[in-house]
file my_file_24.txt (compact mmCIF, C-alpha atoms and all ligand atoms)
# COMPACT_ATOMS: atom_id res chain seq x y z
CA MET A 1 125.44 -66.64 144.49
CA ILE A 2 126.49 -64.65 141.43
CA LEU A 3 128.96 -61.81 141.86
CA VAL A 4 128.51 -58.96 139.38
CA VAL A 5 131.54 -56.69 139.49
CA GLY A 6 130.48 -53.31 138.07
CA GLY A 7 126.88 -54.36 138.70
CA ALA A 8 125.68 -50.81 139.38
CA GLY A 9 126.53 -49.69 135.84
CA TYR A 10 124.36 -49.37 132.71
CA ILE A 11 124.40 -53.07 131.78
CA GLY A 12 124.85 -54.30 135.35
CA SER A 13 121.68 -52.64 136.62
CA VAL A 14 119.65 -54.52 134.01
CA LEU A 15 121.55 -57.78 134.44
CA VAL A 16 121.15 -57.74 138.23
CA ARG A 17 117.36 -57.44 137.85
CA GLU A 18 117.27 -60.29 135.30
CA LEU A 19 119.30 -62.48 137.66
CA LEU A 20 117.00 -61.70 140.59
CA GLU A 21 113.95 -62.45 138.46
CA ARG A 22 115.37 -65.88 137.72
CA GLY A 23 115.87 -66.58 141.41
CA TYR A 24 119.63 -66.07 141.70
CA ALA A 25 121.20 -64.63 144.82
CA VAL A 26 123.25 -61.64 143.68
CA LYS A 27 126.19 -59.75 145.10
CA VAL A 28 127.35 -56.51 143.49
CA PHE A 29 130.87 -55.20 143.94
CA ASP A 30 131.22 -51.69 142.60
CA ARG A 31 133.03 -48.43 143.18
CA LEU A 32 129.76 -46.62 142.41
CA TYR A 33 131.37 -44.06 140.10
CA TYR A 34 127.93 -43.20 138.77
CA GLY A 35 126.13 -43.49 142.10
CA ASP A 36 123.74 -46.23 143.14
CA GLN A 37 120.67 -45.11 141.21
CA GLY A 38 120.81 -48.18 138.98
CA ILE A 39 120.48 -50.65 141.85
CA ARG A 40 118.71 -48.58 144.51
CA GLU A 41 115.33 -50.13 143.83
CA VAL A 42 116.70 -53.65 144.34
CA SER A 43 119.11 -52.81 147.17
CA GLU A 44 117.14 -54.87 149.69
CA ARG A 45 117.42 -57.95 147.51
CA ILE A 46 121.15 -57.90 146.79
CA LYS A 47 124.38 -57.77 148.73
CA LEU A 48 126.36 -54.67 147.86
CA GLU A 49 130.06 -54.29 148.59
CA LEU A 50 131.77 -51.02 147.82
CA GLY A 51 135.31 -50.92 146.58
CA ASP A 52 137.74 -50.81 143.70
CA ILE A 53 138.41 -54.00 141.78
CA ARG A 54 142.14 -53.24 141.87
CA THR A 55 142.23 -53.77 145.62
CA MET A 56 139.36 -56.20 146.07
CA ASP A 57 139.73 -58.48 149.07
CA ILE A 58 139.38 -62.21 148.45
CA SER A 59 136.66 -62.32 151.14
CA VAL A 60 134.31 -60.65 148.62
CA LEU A 61 134.28 -64.05 146.91
CA ASP A 62 132.93 -65.88 149.96
CA GLY A 63 129.85 -67.85 148.97
CA VAL A 64 130.18 -66.88 145.28
CA ASP A 65 129.58 -69.54 142.60
CA ALA A 66 130.31 -67.52 139.47
CA VAL A 67 131.67 -64.08 138.58
CA ILE A 68 130.66 -61.60 135.88
CA ASN A 69 133.12 -58.75 135.41
CA LEU A 70 131.52 -55.62 133.94
CA SER A 71 133.76 -53.12 135.71
CA GLY A 72 136.46 -50.78 134.48
CA LEU A 73 136.49 -47.94 132.00
CA SER A 74 133.77 -48.64 129.51
CA ASN A 75 134.37 -46.55 126.42
CA ASP A 76 137.02 -44.99 124.19
CA PRO A 77 137.04 -41.42 125.57
CA THR A 78 137.51 -42.45 129.23
CA ALA A 79 140.17 -45.01 128.31
CA GLU A 80 142.08 -42.41 126.25
CA TYR A 81 141.68 -39.83 129.00
CA ASN A 82 143.51 -41.95 131.55
CA THR A 83 145.33 -44.78 129.83
CA LYS A 84 147.06 -45.81 133.07
CA ALA A 85 143.81 -46.27 134.99
CA ASN A 86 142.36 -48.01 131.94
CA PHE A 87 145.21 -50.52 131.84
CA GLU A 88 145.07 -51.09 135.59
CA MET A 89 141.30 -51.60 135.70
CA ASN A 90 140.60 -53.32 132.40
CA VAL A 91 143.67 -55.54 132.14
CA GLN A 92 145.53 -55.91 135.43
CA ALA A 93 142.47 -55.94 137.68
CA THR A 94 140.71 -58.45 135.43
CA GLU A 95 143.71 -60.77 135.78
CA PHE A 96 143.83 -60.10 139.54
CA LEU A 97 140.14 -61.00 139.87
CA ALA A 98 140.57 -64.13 137.76
CA ARG A 99 143.48 -65.28 139.94
CA LEU A 100 141.43 -64.66 143.11
CA CYS A 101 138.66 -66.80 141.59
CA LYS A 102 141.13 -69.58 140.83
CA LYS A 103 142.42 -69.46 144.38
CA LYS A 104 138.89 -69.65 145.68
CA GLY A 105 137.83 -72.45 143.31
CA ILE A 106 135.29 -70.33 141.41
CA LYS A 107 135.12 -71.80 137.96
CA ARG A 108 132.89 -69.76 135.71
CA PHE A 109 134.12 -66.27 134.91
CA LEU A 110 132.29 -64.14 132.35
CA PHE A 111 134.11 -61.14 130.95
CA ALA A 112 132.61 -58.02 129.35
CA SER A 113 134.55 -57.51 126.17
CA SER A 114 133.60 -55.45 123.17
CA CYS A 115 133.16 -55.68 119.40
CA SER A 116 135.36 -52.60 119.13
CA ILE A 117 138.18 -55.15 119.13
CA TYR A 118 137.27 -55.70 115.46
CA ASP A 119 137.82 -52.04 114.59
CA VAL A 120 140.46 -51.98 111.86
CA GLY A 121 140.97 -48.22 112.12
CA ILE A 122 140.37 -45.37 109.75
CA GLY A 123 140.68 -45.70 105.99
CA ASN A 124 140.69 -49.47 105.81
CA ASP A 125 137.56 -49.82 103.73
CA GLU A 126 138.86 -52.87 101.88
CA LYS A 127 138.91 -54.68 105.24
CA ASP A 128 135.23 -53.92 105.76
CA ILE A 129 134.01 -57.51 105.91
CA VAL A 130 131.76 -59.15 108.47
CA MET A 131 134.06 -60.40 111.22
CA ASP A 132 133.52 -63.41 113.41
CA GLU A 133 135.25 -64.82 116.48
CA GLU A 134 137.93 -66.40 114.25
CA SER A 135 138.82 -63.18 112.43
CA PRO A 136 142.31 -61.89 113.13
CA VAL A 137 142.21 -58.73 115.23
CA ASN A 138 144.75 -56.11 116.09
CA PRO A 139 143.06 -53.36 118.09
CA LYS A 140 145.02 -50.14 118.49
CA ALA A 141 142.95 -47.83 120.68
CA ALA A 142 143.49 -47.87 124.46
CA TYR A 143 140.01 -49.23 125.21
CA SER A 144 139.80 -52.00 122.63
CA SER A 145 143.39 -53.12 123.09
CA SER A 146 142.87 -53.32 126.87
CA LYS A 147 139.84 -55.55 126.30
CA TYR A 148 141.82 -57.77 123.94
CA GLN A 149 144.76 -58.04 126.35
CA ALA A 150 142.41 -59.01 129.17
CA GLU A 151 140.79 -61.63 126.92
CA LYS A 152 144.15 -63.17 126.10
CA ILE A 153 145.19 -63.31 129.75
CA LEU A 154 141.88 -64.88 130.80
CA LEU A 155 142.06 -67.51 128.07
CA SER A 156 145.62 -68.35 129.05
CA LEU A 157 144.40 -69.03 132.61
CA LYS A 158 141.76 -71.56 131.59
CA ASP A 159 142.14 -75.07 132.95
CA GLU A 160 139.98 -77.82 134.42
CA ASN A 161 139.21 -75.57 137.41
CA PHE A 162 138.72 -72.26 135.64
CA SER A 163 136.33 -71.56 132.78
CA PRO A 164 136.60 -68.06 131.35
CA VAL A 165 133.95 -66.99 128.81
CA ILE A 166 134.34 -63.83 126.76
CA LEU A 167 131.35 -61.82 125.54
CA ARG A 168 132.22 -59.31 122.84
CA LYS A 169 129.18 -57.09 122.80
CA GLY A 170 128.20 -54.63 120.11
CA THR A 171 127.29 -51.08 121.14
CA ILE A 172 124.36 -51.29 123.49
CA TYR A 173 121.05 -49.45 123.25
CA GLY A 174 118.02 -49.29 125.51
CA PHE A 175 116.81 -48.21 128.90
CA SER A 176 118.66 -48.91 132.11
CA PRO A 177 117.99 -47.48 135.56
CA ARG A 178 121.61 -46.25 135.35
CA MET A 179 121.07 -44.49 132.07
CA ARG A 180 123.72 -43.62 129.50
CA TYR A 181 123.15 -41.10 126.70
CA ASP A 182 126.64 -41.46 125.25
CA LEU A 183 125.79 -44.56 123.18
CA VAL A 184 124.69 -43.95 119.61
CA VAL A 185 120.98 -44.91 119.66
CA ASN A 186 120.46 -43.41 123.11
CA THR A 187 122.23 -40.24 121.91
CA PHE A 188 119.92 -39.99 118.88
CA LEU A 189 116.90 -40.32 121.14
CA LYS A 190 118.23 -37.76 123.63
CA ASP A 191 118.95 -35.32 120.79
CA VAL A 192 115.43 -35.59 119.44
CA LEU A 193 113.82 -35.19 122.85
CA SER A 194 116.02 -32.29 123.88
CA LYS A 195 116.57 -30.45 120.56
CA GLY A 196 113.92 -31.70 118.17
CA TYR A 197 116.46 -33.06 115.69
CA LEU A 198 119.25 -35.55 115.38
CA THR A 199 122.44 -35.27 113.40
CA ILE A 200 124.29 -37.93 111.49
CA HIS A 201 127.95 -37.19 110.97
CA TYR A 202 130.04 -38.07 107.88
CA GLY A 203 126.83 -38.91 106.04
CA GLY A 204 126.23 -41.72 108.56
CA GLU A 205 128.34 -44.11 106.50
CA MET A 206 129.94 -46.07 109.31
CA TRP A 207 128.80 -49.58 110.14
CA ARG A 208 128.41 -50.66 113.73
CA PRO A 209 127.21 -53.86 115.42
CA LEU A 210 124.50 -53.16 118.00
CA VAL A 211 122.45 -54.97 120.63
CA ASP A 212 119.80 -54.12 123.22
CA VAL A 213 120.77 -53.98 126.90
CA ARG A 214 118.19 -56.63 127.92
CA ASP A 215 119.51 -58.96 125.24
CA ALA A 216 123.05 -58.34 126.51
CA ALA A 217 121.91 -59.26 130.03
CA ARG A 218 120.24 -62.44 128.72
CA ALA A 219 123.41 -63.35 126.85
CA TYR A 220 125.32 -63.30 130.14
CA ILE A 221 122.73 -65.51 131.80
CA THR A 222 122.80 -67.91 128.84
CA CYS A 223 126.58 -68.22 129.22
CA LEU A 224 126.24 -68.61 132.97
CA GLU A 225 123.79 -71.49 132.63
CA ALA A 226 125.32 -73.21 129.59
CA GLU A 227 126.93 -76.62 129.76
CA GLU A 228 130.59 -76.17 130.48
CA SER A 229 131.78 -77.98 127.36
CA LYS A 230 130.01 -75.38 125.21
CA VAL A 231 131.47 -72.27 126.80
CA HIS A 232 134.79 -73.25 128.39
CA GLY A 233 137.38 -70.77 127.07
CA GLN A 234 135.03 -69.56 124.34
CA VAL A 235 134.59 -66.13 122.79
CA PHE A 236 131.08 -65.08 121.73
CA ASN A 237 130.00 -61.99 119.84
CA VAL A 238 126.71 -60.56 121.07
CA VAL A 239 125.08 -58.66 118.23
CA TYR A 240 121.49 -58.08 117.18
CA SER A 241 122.44 -56.63 113.82
CA ASN A 242 124.90 -54.36 112.00
CA PHE A 243 123.64 -50.94 110.95
CA ARG A 244 125.01 -47.96 109.11
CA ASN A 245 124.54 -44.87 111.29
CA SER A 246 122.26 -43.34 108.64
CA GLU A 247 119.92 -46.34 108.81
CA LEU A 248 119.97 -46.25 112.60
CA ALA A 249 118.94 -42.60 112.57
CA LEU A 250 116.02 -43.37 110.25
CA ARG A 251 114.92 -46.28 112.44
CA VAL A 252 115.01 -44.08 115.53
CA LEU A 253 112.95 -41.41 113.75
CA GLU A 254 110.43 -43.98 112.52
CA ALA A 255 109.98 -45.46 116.01
CA LEU A 256 109.50 -41.97 117.42
CA ARG A 257 106.94 -41.11 114.76
CA GLU A 258 104.91 -44.10 115.96
CA VAL A 259 104.74 -42.58 119.43
CA GLU A 260 103.94 -39.20 117.91
CA VAL A 261 107.30 -37.56 118.43
CA LYS A 262 108.29 -35.73 115.27
CA ALA A 263 111.84 -34.75 114.55
CA GLU A 264 114.17 -33.54 111.85
CA LEU A 265 117.21 -35.30 110.50
CA LYS A 266 120.33 -33.24 109.86
CA ALA A 267 123.26 -34.69 108.00
CA ASP A 268 126.84 -33.56 107.85
CA TYR A 269 128.54 -34.99 104.76
CA ARG A 270 132.08 -33.82 105.42
CA TYR A 271 134.30 -36.85 105.12
CA HIS A 272 136.92 -37.20 107.83
CA GLY A 273 137.64 -40.88 107.39
CA VAL A 274 135.42 -43.14 109.40
CA ARG A 275 135.92 -46.22 111.48
CA SER A 276 133.63 -48.93 110.27
CA TYR A 277 133.22 -52.57 111.25
CA ARG A 278 130.61 -55.30 111.00
CA VAL A 279 130.41 -58.30 113.26
CA SER A 280 128.62 -61.62 113.08
CA GLY A 281 126.54 -62.83 116.04
CA LYS A 282 125.95 -66.29 114.57
CA LYS A 283 128.23 -68.32 116.84
CA ILE A 284 126.25 -67.74 120.03
CA GLU A 285 123.08 -68.67 118.14
CA ARG A 286 124.65 -71.84 116.76
CA VAL A 287 126.34 -72.99 119.96
CA LEU A 288 123.97 -71.76 122.67
CA ASP A 289 120.76 -71.22 120.73
CA PHE A 290 120.75 -67.59 121.83
CA LYS A 291 119.49 -64.89 119.50
CA PRO A 292 119.07 -61.24 120.52
CA ALA A 293 115.44 -60.26 120.01
CA VAL A 294 114.90 -56.59 120.83
CA SER A 295 114.92 -54.31 117.78
CA VAL A 296 116.15 -50.74 117.74
CA GLU A 297 112.58 -49.53 117.21
CA GLU A 298 111.23 -51.49 120.18
CA ALA A 299 114.04 -50.25 122.39
CA VAL A 300 113.45 -46.64 121.38
CA LYS A 301 109.75 -46.83 122.22
CA ASP A 302 110.54 -48.53 125.52
CA MET A 303 113.13 -45.84 126.31
CA VAL A 304 110.63 -43.03 125.67
CA ASP A 305 108.22 -44.72 128.02
CA ASN A 306 110.74 -45.34 130.80
CA ILE A 307 112.71 -42.12 130.69
CA THR A 308 109.53 -40.06 130.89
CA ARG A 309 108.01 -42.27 133.59
CA TYR A 310 111.15 -42.32 135.75
CA ARG A 311 112.20 -38.75 134.85
CA TYR A 312 115.52 -39.44 133.15
CA ILE A 313 114.93 -36.24 131.23
CA ASP A 314 117.62 -34.00 132.74
CA PHE A 315 119.56 -34.64 129.54
CA ASP A 316 122.33 -32.16 130.40
CA ASN A 317 123.25 -34.02 133.56
CA PRO A 318 126.90 -35.09 133.05
CA ARG A 319 126.20 -38.32 134.93
CA TYR A 320 124.76 -39.80 131.70
CA TYR A 321 127.99 -39.22 129.78
CA ASN A 322 130.93 -41.24 131.08
CA ILE A 323 133.73 -38.93 129.97
CA ALA A 324 132.00 -35.74 131.13
CA TRP A 325 131.23 -37.35 134.49
CA MET A 326 134.76 -38.69 135.04
CA LYS A 327 136.26 -35.27 134.26
CA LEU A 328 133.84 -33.60 136.63
CA LEU A 329 134.57 -36.10 139.42
CA GLU A 330 138.27 -35.54 138.97
CA GLU A 331 137.89 -31.77 139.10
CA ALA A 332 135.67 -31.97 142.17
CA ASP A 333 138.11 -34.40 143.78
CA LYS A 334 140.97 -31.91 143.34
CA ILE A 335 138.97 -29.12 144.93
CA ILE A 336 137.61 -31.21 147.78
CA LYS A 337 141.10 -32.45 148.62
CA VAL A 338 141.87 -28.82 149.43
CA THR A 339 138.57 -27.64 150.87
CA GLY A 340 137.87 -30.88 152.77
CA SER A 341 134.15 -30.58 152.11
CA VAL A 342 131.65 -28.74 149.96
CA PHE A 343 129.58 -26.76 152.47
CA GLU A 344 130.98 -27.65 155.87
CA ILE A 345 133.94 -25.66 157.13
CA ALA A 346 137.02 -27.83 156.95
CA ASN A 347 140.29 -27.39 158.79
CA GLN A 348 141.53 -24.82 156.31
CA PRO A 349 140.31 -21.24 156.40
CA SER A 350 137.66 -20.58 153.72
CA PHE A 351 139.95 -18.36 151.68
CA HIS A 352 142.99 -20.56 151.63
CA PRO A 353 145.14 -19.28 148.74
CA ALA A 354 145.34 -22.79 147.23
CA VAL A 355 141.55 -22.89 146.93
CA VAL A 356 141.44 -19.50 145.30
CA ASN A 357 144.12 -20.54 142.83
CA LEU A 358 142.39 -23.78 141.99
CA LEU A 359 139.06 -22.10 141.42
CA ARG A 360 140.70 -19.49 139.23
CA LYS A 361 142.31 -22.21 137.16
CA THR A 362 139.33 -24.55 136.87
CA GLN A 363 136.48 -22.06 136.60
CA GLY A 364 138.13 -18.80 135.62
CA ALA A 365 136.47 -17.34 138.72
CA ASP A 366 137.09 -13.67 139.14
CA PHE A 367 137.80 -12.86 142.79
N1 LIG B 401 127.76 -50.07 126.98
C1 LIG B 401 128.22 -50.59 125.85
O1 LIG B 401 127.81 -50.22 124.73
C2 LIG B 401 129.26 -51.68 125.91
C3 LIG B 401 129.58 -52.36 124.74
C4 LIG B 401 130.56 -53.35 124.77
C5 LIG B 401 131.19 -53.66 125.97
N2 LIG B 401 130.85 -52.98 127.11
C6 LIG B 401 131.55 -53.33 128.37
O2 LIG B 401 130.57 -53.80 129.29
C7 LIG B 401 130.92 -53.40 130.62
C8 LIG B 401 129.78 -52.63 131.25
O3 LIG B 401 129.48 -51.48 130.46
P1 LIG B 401 128.46 -50.37 130.97
O4 LIG B 401 127.94 -49.68 129.78
O5 LIG B 401 127.53 -50.98 131.93
O6 LIG B 401 129.48 -49.40 131.74
P2 LIG B 401 129.24 -48.40 132.96
O7 LIG B 401 130.36 -47.42 132.87
O8 LIG B 401 127.84 -47.92 132.98
O9 LIG B 401 129.44 -49.33 134.25
C9 LIG B 401 130.67 -49.72 134.76
C10 LIG B 401 130.45 -50.00 136.26
O10 LIG B 401 131.69 -50.46 136.79
C11 LIG B 401 132.02 -49.72 137.95
N3 LIG B 401 133.48 -49.61 138.01
C12 LIG B 401 134.29 -49.00 137.12
N4 LIG B 401 135.57 -49.09 137.50
C13 LIG B 401 135.56 -49.77 138.67
C14 LIG B 401 136.59 -50.20 139.54
N5 LIG B 401 137.87 -49.87 139.31
N6 LIG B 401 136.24 -50.92 140.63
C15 LIG B 401 134.95 -51.22 140.90
N7 LIG B 401 133.92 -50.82 140.10
C16 LIG B 401 134.24 -50.12 138.99
C17 LIG B 401 131.38 -48.35 137.76
O11 LIG B 401 131.17 -47.71 139.01
C18 LIG B 401 130.08 -48.72 137.04
O12 LIG B 401 129.05 -49.00 137.96
C19 LIG B 401 132.19 -52.59 130.49
O13 LIG B 401 133.28 -53.44 130.75
C20 LIG B 401 132.21 -52.16 129.04
O14 LIG B 401 133.53 -51.97 128.58
C21 LIG B 401 129.90 -52.00 127.11
call {"tool": "encode", "arguments": {"input": "my_file_24.txt", "output": "structure tokens"}}
result
Amino acid sequence: MILVVGGAGYIGSVLVRELLERGYAVKVFDRLYYGDQGIREVSERIKLELGDIRTMDISVLDGVDAVINLSGLSNDPTAEYNTKANFEMNVQATEFLARLCKKKGIKRFLFASSCSIYDVGIGNDEKDIVMDEESPVNPKAAYSSSKYQAEKILLSLKDENFSPVILRKGTIYGFSPRMRYDLVVNTFLKDVLSKGYLTIHYGGEMWRPLVDVRDAARAYITCLEAEESKVHGQVFNVVYSNFRNSELALRVLEALREVEVKAELKADYRYHGVRSYRVSGKKIERVLDFKPAVSVEEAVKDMVDNITRYRYIDFDNPRYYNIAWMKLLEEADKIIKVTGSVFEIANQPSFHPAVVNLLRKTQGADF
């Protein structure tokens, strides 16, 4: 059985389906921050355990043959918003999980890292070269440095009984039953469908490595099934191609034109200094014969199809934007701690002064 930690997320929901299709038994361990929409349809075919990776009980690993860790805070804004939680989830909990696996004799451990590790920061244009797994890195931001720290810890734990494999993925695009519209291609698509135009900032100069979500899922399965000697303690970039944002925008528009959605392109040329990095995906092709196959255009057309068919068109819903959703959950959590419930009458009287104060502060309510 394969354990996917964070399996109800954007990538996890696609990966879990791919694993099931290939006949694997799958267990998902997830705190369900974004609900269970991503795995609801397959809930009868998987084992689901709810909980936080930071306090996961070793019994979750009963019957598990390999672990894929996709959990934790999954972008820059959420990591910056709560750097403590980011460190605990992305670094400490990854080490905790790896140590539980070692104790339990689970050898293969795949870790969701990120190409943002290669980000050299703003204003370092002379360092804008295509980076590979051997390139020196020195990530500074909370998110990327947490991924890099976790990588280093995992690699230091490798031995004859523990085989960590690191997948540094580019920014993902494409449809998932747990949809995200806070990733560049998906954002472009959402902007066109909701506003009729998309905007490229800073002239769209920045380079980014990208890859489709189904390709990312297949990369995990390739690493899961690969001969141990090829993946033991290895780092693999997972990248379809590198694109400037301006080119990406044009590709999105072209794909949409083919499905008869017309849109305008707006460009903002103010230069603020941009982060730019390009990453090579050749190693995974060379070593494991794996090459991402889904183009941006194909993914865009597939997204249009799926988001209209399954009604992922409530584009303002904060659930699709990790930072907006986390802030909302936190705000709701503060209120519910006082009220005890949303509609039911809790122990406190309805007009408890603390509630009134909180509402005044958070919503500017006038009463
Ligand atoms: N989406 C991308 O473009 C991208 C690119 C590179 C790397 N990654 C990495 O891949 C992984 C998956 O990304 P995603 O886009 O699917 O993210 P996501 O935010 O959609 O999913 C993360 C999942 O993990 C769960 N989770 C978070 N913290 C948890 C905790 N403490 N305990 C238990 N469950 C927890 C969430 O409930 C959610 O279901 C992340 O580690 C992310 O950093 C993502």
call {"tool": "closest_residue", "arguments": {"input": "my_file_24.txt", "among": "A:Ser74, A:Thr339, A:Lys262, A:Glu331", "to": "Thr362 (chain A)", "atoms": "all atoms listed in the file"}}
result
A:Glu331
call {"tool": "closest_atom_pairs", "arguments": {"input": "my_file_24.txt", "of": "chain A", "to": "ligand LIG 401 (chain B)", "cutoff": "7 Å", "atoms": "all atoms listed in the file", "output": "Markdown table"}}
result
| residue | atom | partner | partner_atom | distance |
| --- | --- | --- | --- | --- |
| A:Val5 | CA | B:LIG401 | N7 | 6.4 |
| A:Gly6 | CA | B:LIG401 | O10 | 3.4 |
| A:Gly7 | CA | B:LIG401 | O12 | 5.8 |
| A:Ala8 | CA | B:LIG401 | O12 | 4.1 |
| A:Gly9 | CA | B:LIG401 | O9 | 3.3 |
| A:Tyr10 | CA | B:LIG401 | O5 | 3.6 |
| A:Ile11 | CA | B:LIG401 | O5 | 3.8 |
| A:Gly12 | CA | B:LIG401 | O5 | 5.5 |
| A:Phe29 | CA | B:LIG401 | C15 | 6.5 |
| A:Asp30 | CA | B:LIG401 | N7 | 3.8 |
| A:Arg31 | CA | B:LIG401 | N7 | 4.0 |
| A:Leu32 | CA | B:LIG401 | O11 | 3.8 |
| A:Tyr33 | CA | B:LIG401 | O11 | 3.8 |
| A:Tyr34 | CA | B:LIG401 | O11 | 5.6 |
| A:Gly51 | CA | B:LIG401 | C15 | 5.7 |
| A:Asp52 | CA | B:LIG401 | N6 | 3.4 |
| A:Ile53 | CA | B:LIG401 | N6 | 3.9 |
| A:Arg54 | CA | B:LIG401 | N5 | 6.0 |
| A:Leu70 | CA | B:LIG401 | C7 | 4.0 |
| A:Ser71 | CA | B:LIG401 | O10 | 3.5 |
| A:Gly72 | CA | B:LIG401 | N4 | 3.6 |
| A:Leu73 | CA | B:LIG401 | C12 | 5.7 |
| A:Ser74 | CA | B:LIG401 | O14 | 3.5 |
| A:Asn75 | CA | B:LIG401 | O14 | 5.9 |
| A:Met89 | CA | B:LIG401 | N5 | 5.3 |
| A:Ala112 | CA | B:LIG401 | O2 | 4.7 |
| A:Ser113 | CA | B:LIG401 | C5 | 5.1 |
| A:Ser114 | CA | B:LIG401 | C4 | 4.0 |
| A:Cys115 | CA | B:LIG401 | C4 | 6.4 |
| A:Arg168 | CA | B:LIG401 | C4 | 6.5 |
| A:Lys169 | CA | B:LIG401 | C4 | 4.4 |
| A:Gly170 | CA | B:LIG401 | C3 | 5.3 |
| A:Thr171 | CA | B:LIG401 | O1 | 3.7 |
| A:Ile172 | CA | B:LIG401 | O1 | 3.8 |
| A:Tyr173 | CA | B:LIG401 | O1 | 7.0 |
| A:Arg178 | CA | B:LIG401 | O8 | 6.9 |
| A:Arg180 | CA | B:LIG401 | O8 | 6.9 |
| A:Leu183 | CA | B:LIG401 | O1 | 6.2 |
| A:Asn322 | CA | B:LIG401 | O7 | 6.5 |
call {"tool": "closest_residue", "arguments": {"input": "my_file_24.txt", "among": "A:Leu256, A:Ile117, A:Ile284, A:Leu97", "to": "Lys190 (chain A)", "atoms": "all atoms listed in the file"}}
result
A:Leu256
call {"tool": "atom_distance", "arguments": {"input": "my_file_24.txt", "atom1": "CA of Asn69 (chain A)", "atom2": "CA of Val238 (chain A)"}}
result
15.8 Å
call {"tool": "residues_around", "arguments": {"input": "my_file_24.txt", "residues": "Tyr143 (chain A)", "least_positions_apart": "4", "cutoff": "7 Å", "atoms": "all atoms listed in the file", "output": "PyMOL selection string"}}
result
chain A and resi 75-76+79+147
call {"tool": "closest_residue", "arguments": {"input": "my_file_24.txt", "among": "A:Phe162, A:Phe87, A:Phe96, A:Phe315", "to": "Leu193 (chain A)", "atoms": "all atoms listed in the file"}}
result
A:Phe315
call {"tool": "atom_distance", "arguments": {"input": "my_file_24.txt", "atom1": "CA of Val28 (chain A)", "atom2": "CA of Ser163 (chain A)"}}
result
20.5 Å
call {"tool": "closest_residue", "arguments": {"input": "my_file_24.txt", "among": "A:Asn306, A:Asn242, A:Ser295, A:Ser229", "to": "Ala255 (chain A)", "atoms": "all atoms listed in the file"}}
result
A:Ser295
call {"tool": "residues_around", "arguments": {"input": "my_file_24.txt", "residues": "Glu228 (chain A)", "least_positions_apart": "3", "cutoff": "12 Å", "atoms": "only C-alpha atoms", "output": "count of residues only"}}
result
20
call {"tool": "atom_distance", "arguments": {"input": "my_file_24.txt", "atom1": "CA of Phe111 (chain A)", "atom2": "CA of Thr83 (chain A)"}}
result
19.9 Å
call {"tool": "decode", "arguments": {"input": "my_file_24.txt", "residues": "region 32-59 of chain A", "atoms": "C-alpha atoms", "output": "PDB file, in the first residue's frame"}}
result
ATOM      1  CA  LEU A  32      -8.070  18.304   4.870  1.00  0.00           C
ATOM      2  CA  TYR A  33      -7.329  22.026   5.018  1.00  0.00           C
ATOM      3  CA  TYR A  34      -9.067  22.433   1.671  1.00  0.00           C
ATOM      4  CA  GLY A  35     -11.828  19.913   2.347  1.00  0.00           C
ATOM      5  CA  ASP A  36     -12.191  16.490   0.783  1.00  0.00           C
ATOM      6  CA  GLN A  37     -13.525  17.533  -2.614  1.00  0.00           C
ATOM      7  CA  GLY A  38     -10.379  16.304  -4.347  1.00  0.00           C
ATOM      8  CA  ILE A  39     -10.749  12.721  -3.155  1.00  0.00           C
ATOM      9  CA  ARG A  40     -14.497  12.450  -2.532  1.00  0.00           C
ATOM     10  CA  GLU A  41     -15.152  10.600  -5.766  1.00  0.00           C
ATOM     11  CA  VAL A  42     -12.586   7.920  -4.913  1.00  0.00           C
ATOM     12  CA  SER A  43     -13.291   7.777  -1.170  1.00  0.00           C
ATOM     13  CA  GLU A  44     -14.647   4.229  -1.378  1.00  0.00           C
ATOM     14  CA  ARG A  45     -11.446   3.015  -2.985  1.00  0.00           C
ATOM     15  CA  ILE A  46      -8.911   4.503  -0.581  1.00  0.00           C
ATOM     16  CA  LYS A  47      -8.227   4.508   3.129  1.00  0.00           C
ATOM     17  CA  LEU A  48      -8.403   8.007   4.543  1.00  0.00           C
ATOM     18  CA  GLU A  49      -6.904   8.988   7.877  1.00  0.00           C
ATOM     19  CA  LEU A  50      -7.396  12.496   9.175  1.00  0.00           C
ATOM     20  CA  GLY A  51      -4.708  14.254  11.110  1.00  0.00           C
ATOM     21  CA  ASP A  52      -1.735  16.563  11.173  1.00  0.00           C
ATOM     22  CA  ILE A  53       1.612  15.241  10.014  1.00  0.00           C
ATOM     23  CA  ARG A  54       3.275  16.868  13.027  1.00  0.00           C
ATOM     24  CA  THR A  55       1.508  14.482  15.381  1.00  0.00           C
ATOM     25  CA  MET A  56       1.026  11.480  13.124  1.00  0.00           C
ATOM     26  CA  ASP A  57       0.869   8.171  14.964  1.00  0.00           C
ATOM     27  CA  ILE A  58       3.205   5.431  13.777  1.00  0.00           C
ATOM     28  CA  SER A  59       0.173   3.132  13.370  1.00  0.00           C
TER      29      SER A  59
END
